[in-house]
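Student: The file below is work.cif, mmCIF, C-alpha atoms and all ligand atoms:
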```cif
data_query
loop_
_atom_site.label_atom_id
_atom_site.label_comp_id
_atom_site.auth_asym_id
_atom_site.auth_seq_id
_atom_site.Cartn_x
_atom_site.Cartn_y
_atom_site.Cartn_z
CA MET H 215 -6.75 -26.91 4.03
CA SER H 216 -6.67 -30.72 4.09
CA LEU H 217 -8.28 -32.73 6.89
CA SER H 218 -4.91 -33.74 8.32
CA GLU H 219 -3.79 -30.12 8.35
CA THR H 220 -6.98 -29.09 10.10
CA VAL H 221 -6.45 -31.79 12.72
CA LEU H 222 -2.79 -30.88 13.16
CA ASN H 223 -3.64 -27.19 13.52
CA ALA H 224 -6.25 -28.03 16.14
CA LEU H 225 -3.79 -30.19 18.09
CA PHE H 226 -0.80 -27.89 17.73
CA PRO H 227 -2.02 -24.34 17.13
CA LYS H 228 0.70 -22.09 15.76
CA HIS H 229 2.02 -19.67 18.36
CA VAL H 230 3.89 -17.09 16.37
CA ALA H 231 3.98 -13.31 16.27
CA CYS H 232 0.74 -11.71 15.08
CA SER H 233 1.27 -9.54 11.96
CA VAL H 234 -0.66 -6.68 13.53
CA CYS H 235 0.21 -6.51 17.26
CA ASN H 236 3.47 -8.48 17.02
CA ARG H 237 2.60 -10.52 20.14
CA GLU H 238 2.92 -14.28 20.31
CA ALA H 239 -0.53 -15.74 19.80
CA VAL H 240 -2.57 -18.30 17.94
CA ILE H 241 -2.90 -16.80 14.49
CA ASN H 242 -5.21 -17.30 11.53
CA GLU H 243 -4.14 -18.04 7.94
CA LYS H 244 -3.39 -14.35 7.39
CA GLY H 245 -1.05 -14.32 10.40
CA VAL H 246 -3.43 -12.36 12.62
CA CYS H 247 -4.47 -13.13 16.23
CA THR H 248 -8.15 -13.26 17.22
CA ALA H 249 -8.11 -9.95 19.10
CA CYS H 250 -6.61 -8.09 16.13
CA GLU H 251 -8.79 -9.88 13.62
CA GLU H 252 -11.88 -8.51 15.35
CA LYS H 253 -10.57 -4.97 15.04
CA LEU H 254 -9.53 -5.16 11.39
CA ARG H 255 -11.77 -3.12 9.10
CA ILE H 256 -11.93 -3.82 5.37
CA CYS H 257 -11.94 -0.51 3.55
CA PRO H 258 -15.37 0.40 2.14
CA PRO H 259 -15.67 1.94 -1.34
CA LEU H 260 -14.10 5.39 -1.22
CA PRO H 261 -14.68 8.61 -3.12
CA MET H 262 -12.85 8.88 -6.44
CA LEU H 263 -9.41 10.44 -6.37
CA SER H 264 -8.76 13.24 -8.79
CA GLN H 265 -6.47 12.27 -11.74
CA THR H 266 -7.29 8.58 -11.34
CA ASP H 267 -9.74 6.23 -13.08
CA GLY H 268 -10.46 4.30 -9.93
CA PHE H 269 -9.41 4.07 -6.33
CA ALA H 270 -9.50 1.22 -3.86
CA ALA H 271 -7.78 0.32 -0.62
CA GLY H 272 -7.37 -2.84 1.41
CA LEU H 273 -7.79 -1.91 5.06
CA LEU H 274 -8.86 1.08 7.07
CA TYR H 275 -5.95 2.71 8.84
CA THR H 276 -6.97 1.81 12.37
CA GLU H 277 -4.72 1.97 15.44
CA GLY H 278 -3.37 -1.59 15.22
CA ILE H 279 -2.79 -1.31 11.49
CA LYS H 280 -0.88 1.94 12.03
CA GLN H 281 1.53 0.07 14.28
CA ALA H 282 1.96 -2.75 11.79
CA MET H 283 2.56 -0.23 9.00
CA HIS H 284 5.16 1.50 11.16
CA ARG H 285 7.05 -1.77 11.64
CA PHE H 286 6.74 -2.46 7.92
CA LYS H 287 8.12 0.95 6.87
CA TYR H 288 10.63 1.74 9.58
CA GLY H 289 11.29 -1.52 11.43
CA ASP H 290 12.52 -3.70 8.56
CA ALA H 291 9.44 -5.96 8.85
CA GLN H 292 9.51 -6.60 5.09
CA TYR H 293 7.56 -9.84 5.48
CA LEU H 294 4.44 -7.74 6.20
CA ALA H 295 4.17 -6.93 2.47
CA GLU H 296 2.36 -10.25 2.06
CA PHE H 297 -0.06 -9.40 4.87
CA PHE H 298 -1.02 -6.00 3.44
CA ALA H 299 -1.22 -7.31 -0.14
CA SER H 300 -3.59 -10.08 0.92
CA TYR H 301 -6.34 -7.50 1.54
CA MET H 302 -5.86 -5.60 -1.72
CA ARG H 303 -8.11 -6.21 -4.74
CA LEU H 304 -8.47 -4.63 -8.15
CA GLY H 305 -11.58 -2.47 -8.45
CA GLU H 306 -14.51 -3.57 -10.55
CA GLY H 307 -13.89 -3.22 -14.26
CA TRP H 308 -10.22 -2.30 -13.90
CA GLU H 309 -8.28 -3.50 -16.90
CA ALA H 310 -4.64 -3.05 -16.16
CA ASP H 311 -1.37 -3.82 -17.95
CA VAL H 312 1.19 -3.08 -15.31
CA ILE H 313 1.69 -2.35 -11.61
CA VAL H 314 3.74 0.71 -10.67
CA PRO H 315 4.67 1.24 -7.01
CA VAL H 316 4.88 4.78 -5.64
CA PRO H 317 8.64 5.38 -5.60
CA ILE H 318 10.68 6.68 -2.71
CA HIS H 319 13.66 8.94 -3.27
CA LYS H 320 16.95 7.15 -3.82
CA LYS H 321 18.42 8.73 -0.69
CA ARG H 322 15.62 7.23 1.39
CA LEU H 323 15.91 3.94 -0.46
CA ARG H 324 19.60 3.79 0.47
CA ALA H 325 18.84 4.53 4.12
CA ARG H 326 15.90 2.14 4.44
CA GLY H 327 17.13 -0.54 2.10
CA TYR H 328 13.75 -1.15 0.49
CA ASN H 329 10.69 0.56 -0.89
CA GLN H 330 7.71 -0.79 1.04
CA SER H 331 5.27 -0.07 -1.82
CA ALA H 332 7.49 -1.99 -4.24
CA LEU H 333 7.43 -5.01 -1.89
CA ILE H 334 3.63 -4.90 -1.87
CA ALA H 335 3.62 -4.52 -5.67
CA GLN H 336 5.70 -7.71 -5.98
CA CYS H 337 3.13 -9.64 -3.94
CA LEU H 338 0.28 -8.20 -6.01
CA SER H 339 2.09 -9.13 -9.20
CA LYS H 340 1.76 -12.79 -8.27
CA ALA H 341 -1.86 -12.42 -7.13
CA PHE H 342 -3.07 -10.43 -10.15
CA GLY H 343 -0.81 -11.93 -12.84
CA LEU H 344 0.50 -8.47 -13.80
CA ARG H 345 4.10 -7.36 -14.20
CA VAL H 346 5.67 -4.69 -12.01
CA ASP H 347 7.55 -1.79 -13.60
CA GLU H 348 9.65 0.26 -11.20
CA THR H 349 11.29 2.26 -13.98
CA LEU H 350 8.20 4.18 -15.17
CA LEU H 351 7.97 6.51 -12.21
CA SER H 352 10.67 8.09 -10.09
CA ARG H 353 10.82 10.49 -7.21
CA ILE H 354 12.87 13.47 -8.26
CA LYS H 355 12.42 15.55 -5.13
CA SER H 356 13.55 14.34 -1.74
CA THR H 357 10.47 15.17 0.29
CA ARG H 358 10.01 15.36 4.03
CA THR H 359 8.07 12.55 5.61
CA GLN H 360 4.37 13.39 5.33
CA THR H 361 3.35 12.09 8.75
CA ALA H 362 3.50 15.31 10.75
CA LEU H 363 2.29 17.65 8.02
CA SER H 364 -1.08 19.35 7.57
CA VAL H 365 -3.21 18.64 4.50
CA ASP H 366 -1.98 21.80 2.76
CA ALA H 367 1.63 21.22 3.67
CA ARG H 368 1.44 17.64 2.38
CA ARG H 369 0.16 18.83 -0.94
CA LYS H 370 2.93 21.37 -1.31
CA ASN H 371 5.50 18.88 -0.09
CA VAL H 372 4.86 16.38 -2.90
CA LYS H 373 4.09 18.85 -5.66
CA ALA H 374 6.19 18.08 -8.73
CA ALA H 375 8.06 15.43 -6.74
CA PHE H 376 7.59 12.73 -9.39
CA ALA H 377 8.68 12.21 -12.99
CA ALA H 378 7.37 9.55 -15.35
CA ARG H 379 8.94 7.92 -18.39
CA PRO H 380 6.83 7.69 -21.56
CA CYS H 381 4.09 5.16 -20.91
CA GLY H 382 1.88 5.67 -23.94
CA GLY H 383 -1.29 3.60 -23.94
CA LEU H 384 -0.60 1.71 -20.72
CA SER H 385 -3.24 1.12 -18.06
CA ILE H 386 -1.47 1.35 -14.75
CA VAL H 387 -2.25 0.22 -11.23
CA LEU H 388 -0.44 2.63 -8.97
CA VAL H 389 0.34 1.02 -5.61
CA ASP H 390 0.91 2.91 -2.37
CA ASP H 391 1.17 1.96 1.30
CA VAL H 392 -1.14 4.48 2.98
CA LYS H 393 -3.54 6.93 1.43
CA THR H 394 -4.24 9.86 3.72
CA THR H 395 -4.89 13.12 1.89
CA GLY H 396 -4.36 11.49 -1.50
CA SER H 397 -1.81 14.10 -2.53
CA THR H 398 0.94 11.55 -3.26
CA LEU H 399 -1.32 9.39 -5.44
CA PHE H 400 -2.66 12.53 -7.12
CA GLU H 401 0.83 13.76 -8.04
CA CYS H 402 1.94 10.31 -9.26
CA ALA H 403 -1.18 9.85 -11.38
CA LYS H 404 -0.74 13.33 -12.84
CA ALA H 405 2.85 12.57 -13.86
CA LEU H 406 1.88 9.22 -15.43
CA ARG H 407 -0.97 10.82 -17.35
CA ALA H 408 1.27 13.57 -18.63
CA ALA H 409 3.61 10.81 -19.85
CA GLY H 410 0.80 9.23 -21.86
CA ALA H 411 -0.77 6.63 -19.55
CA ARG H 412 -4.18 5.59 -20.83
CA ARG H 413 -5.58 4.84 -17.41
CA VAL H 414 -4.27 5.16 -13.89
CA TYR H 415 -5.93 3.27 -11.05
CA ALA H 416 -4.84 3.89 -7.48
CA LEU H 417 -4.62 1.01 -5.03
CA ALA H 418 -3.48 1.58 -1.45
CA ALA H 419 -2.81 -0.97 1.26
CA CYS H 420 -4.57 1.25 3.80
CA ALA H 421 -6.73 4.34 3.75
CA ASP H 422 -8.06 6.61 6.43
CA GLU H 423 -11.59 7.89 6.11
CA LEU H 424 -10.62 11.46 5.37
CA PRO H 425 -12.20 12.38 2.04
CA TYR H 426 -9.90 13.86 -0.53
CA GLN H 427 -10.42 17.60 -0.92
CA GLY H 428 -9.32 19.30 -4.10
ZN ZN M 501 -2.62 -9.38 17.16
#
```
In structure tokens, what does this structure look like?
Ligand SMILES: [Zn+2]
Tutor:
Amino acid sequence: MSLSETVLNALFPKHVACSVCNREAVINEKGVCTACEEKLRICPPLPMLSQTDGFAAGLLYTEGIKQAMHRFKYGDAQYLAEFFASYMRLGEGWEADVIVPVPIHKKRLRARGYNQSALIAQCLSKAFGLRVDETLLSRIKSTRTQTALSVDARRKNVKAAFAARPCGGLSIVLVDDVKTTGSTLFECAKALRAAGARRVYALAACADELPYQG
């Protein structure tokens, strides 16, 4: 930030909606108010997810972040892709060729108008200098929303829900919005591997602290 910008910001602080709580407030460069900034938790290193070569997430899925994610997924707040992406980093030693967002079923895409993970992937593409390929993976089963399901039910719900096109030799960064049980990322990684992917890394915008079982 230049000196004049710093001075201007000090004289005329920006009062716009906070990305997390959506209230009008003075916000930081990430679009977050002071109260929410204090509650944000960067995700610590997490246990490895089965079928992947690495797993990382941006933020812990705390109460405020849950609300922001809800607006992002169901409230048309597409601009929040930039906010979530800004906390996401490639893991150490990841050498990737392409970013693949977790797909949503075309029926849901029609209803919602966008795939939130694809929006995040587009932001990451700029940040990481990697291309996005939305054609490699598709959702072939229209699954129920995972939110209200138990761990077991979630696993069954997404089983064989994805199909991958041949991706021989590619190292892929798989991008998802929220990792809870890990069953979605597991199924996606499995499909990409079966289609020949050399490596599959999983990168989620948010993760809860529930360790993946199985
Ligand atoms: Zn806030």
Student: 8 Å from ligand ZN 501 (chain M) is the threshold here; counting all atoms listed in the file, which polymer residues fall inside it? Answer as an NGL selection string.
Tutor: :H and (231-237 or 239 or 241 or 246-251)
Student: Would you mind exporting the chosen residues as a short mmCIF file (atom, residue, chain, number, x, y, z; two decimals), in the frame of the given file, restricted to C-alpha atoms?
Tutor:
```cif
data_model
loop_
_atom_site.label_atom_id
_atom_site.label_comp_id
_atom_site.auth_asym_id
_atom_site.auth_seq_id
_atom_site.Cartn_x
_atom_site.Cartn_y
_atom_site.Cartn_z
CA ALA H 231 3.98 -13.31 16.27
CA CYS H 232 0.74 -11.71 15.08
CA SER H 233 1.27 -9.54 11.96
CA VAL H 234 -0.66 -6.68 13.53
CA CYS H 235 0.21 -6.51 17.26
CA ASN H 236 3.47 -8.48 17.02
CA ARG H 237 2.60 -10.52 20.14
CA ALA H 239 -0.53 -15.74 19.80
CA ILE H 241 -2.90 -16.80 14.49
CA VAL H 246 -3.43 -12.36 12.62
CA CYS H 247 -4.47 -13.13 16.23
CA THR H 248 -8.15 -13.26 17.22
CA ALA H 249 -8.11 -9.95 19.10
CA CYS H 250 -6.61 -8.09 16.13
CA GLU H 251 -8.79 -9.88 13.62
#
```
Student: Which is closest to Gly245 in chain H among H:Phe376, H:Tyr328, H:Tyr415, H:Tyr293, if we use all atoms listed in the file?
Tutor: H:Tyr293
Student: So that I can check the surroundings of Lys393 in chain H, please list as a ChimeraX atom specification every protein, DNA and RNA residue that reaches within 9 Å of it, counting only C-alpha atoms and ignoring chain neighbours fewer than 4 positions away.
Tutor: /H:271,275,397-399,417-422
Student: Export, as an mmCIF file, in the frame of the given file, the selected residues with C-alpha atoms.
Tutor:
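Result file part-v4.cif:
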```
data_model
loop_
_atom_site.group_PDB
_atom_site.id
_atom_site.type_symbol
_atom_site.label_atom_id
_atom_site.label_comp_id
_atom_site.auth_asym_id
_atom_site.auth_seq_id
_atom_site.Cartn_x
_atom_site.Cartn_y
_atom_site.Cartn_z
ATOM 1 C CA ALA H 271 -7.780 0.320 -0.620
ATOM 2 C CA TYR H 275 -5.950 2.710 8.840
ATOM 3 C CA SER H 397 -1.810 14.100 -2.530
ATOM 4 C CA THR H 398 0.940 11.550 -3.260
ATOM 5 C CA LEU H 399 -1.320 9.390 -5.440
ATOM 6 C CA LEU H 417 -4.620 1.010 -5.030
ATOM 7 C CA ALA H 418 -3.480 1.580 -1.450
ATOM 8 C CA ALA H 419 -2.810 -0.970 1.260
ATOM 9 C CA CYS H 420 -4.570 1.250 3.800
ATOM 10 C CA ALA H 421 -6.730 4.340 3.750
ATOM 11 C CA ASP H 422 -8.060 6.610 6.430
#
```
Student: I'd like the interatomic distance between CA of Ser352 in chain H and CA of Asn371 in chain H, to a tenth of an Å.
Tutor: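 Computing the Euclidean distance for CA of Ser352 in chain H and CA of Asn371 in chain H yields 15.6 Å.
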Student: Under the rule that all atoms listed in the file are counted, which of H:Asp391, H:Gly410, H:Ser216, H:Val314 is the nearest residue to Leu294 in chain H?
Tutor: H:Asp391
Student: Can you tell me, as a list in words, what residues are no more than 9 Å from Glu296 in chain H when counting all atoms listed in the file, ignoring any on the same chain fewer than 2 positions away?
Tutor: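 The neighbour list is Lys244, Gln292, Tyr293, Leu294, Phe298, Ala299, Ser300, Leu333, Ile334, Cys337 and Leu338 of chain H.
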Student: Which is closer to Ser364 in chain H than all the others in H:Leu304, H:Val389, H:Thr394, H:Cys402, using only C-alpha atoms?
Tutor: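 Using only C-alpha atoms, Ser364 in chain H sits closest to H:Thr394.
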Student: Separation of CA of Ala270 in chain H and CA of Lys340 in chain H, in Å?
Tutor: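 Answer for the CA of Ala270 in chain H to CA of Lys340 in chain H separation: 18.5 Å.
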Student: So which one's closest to Leu263 in chain H, H:Arg303, H:Lys287, H:Lys280, H:Lys404? Using all atoms listed in the file, please.
Tutor: H:Lys404
Student: Which polymer residues have any atom within 9 Å of an atom of Trp308 in chain H, counting all atoms listed in the file, with same-chain residues fewer than 5 positions away left out, as a list in words?
Tutor: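 Near Trp308 in chain H, the qualifying residues are Asp267, Gly268, Ser385, Val387 and Tyr415 of chain H.
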Student: Could you tell me how far CA of Thr357 in chain H sits from CA of Arg326 in chain H, in Å to one decimal place?
Tutor: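 Calculated distance between CA of Arg326 in chain H and CA of Thr357 in chain H is 14.7 Å.
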Student: Within 9 Å of Lys355 in chain H, counting all atoms listed in the file, which residues qualify if same-chain residues fewer than 6 places away don't, as an MDAnalysis selection string?
Tutor: chainID H and resid 319 372:376
Student: Could you check which of H:Leu388, H:Val365, H:Leu323, H:Leu350 is closest to Ala335 in chain H, using all atoms listed in the file?
Tutor: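 The answer is H:Leu388, which sits nearest to Ala335 in chain H.
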Student: Rank nothing, just name the residue among H:Arg368, H:Ala377, H:Asn329, H:Gln336 nearest to Leu351 in chain H, using all atoms listed in the file.
Tutor: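 The shortest atom-to-atom distance to Leu351 in chain H comes from H:Ala377.
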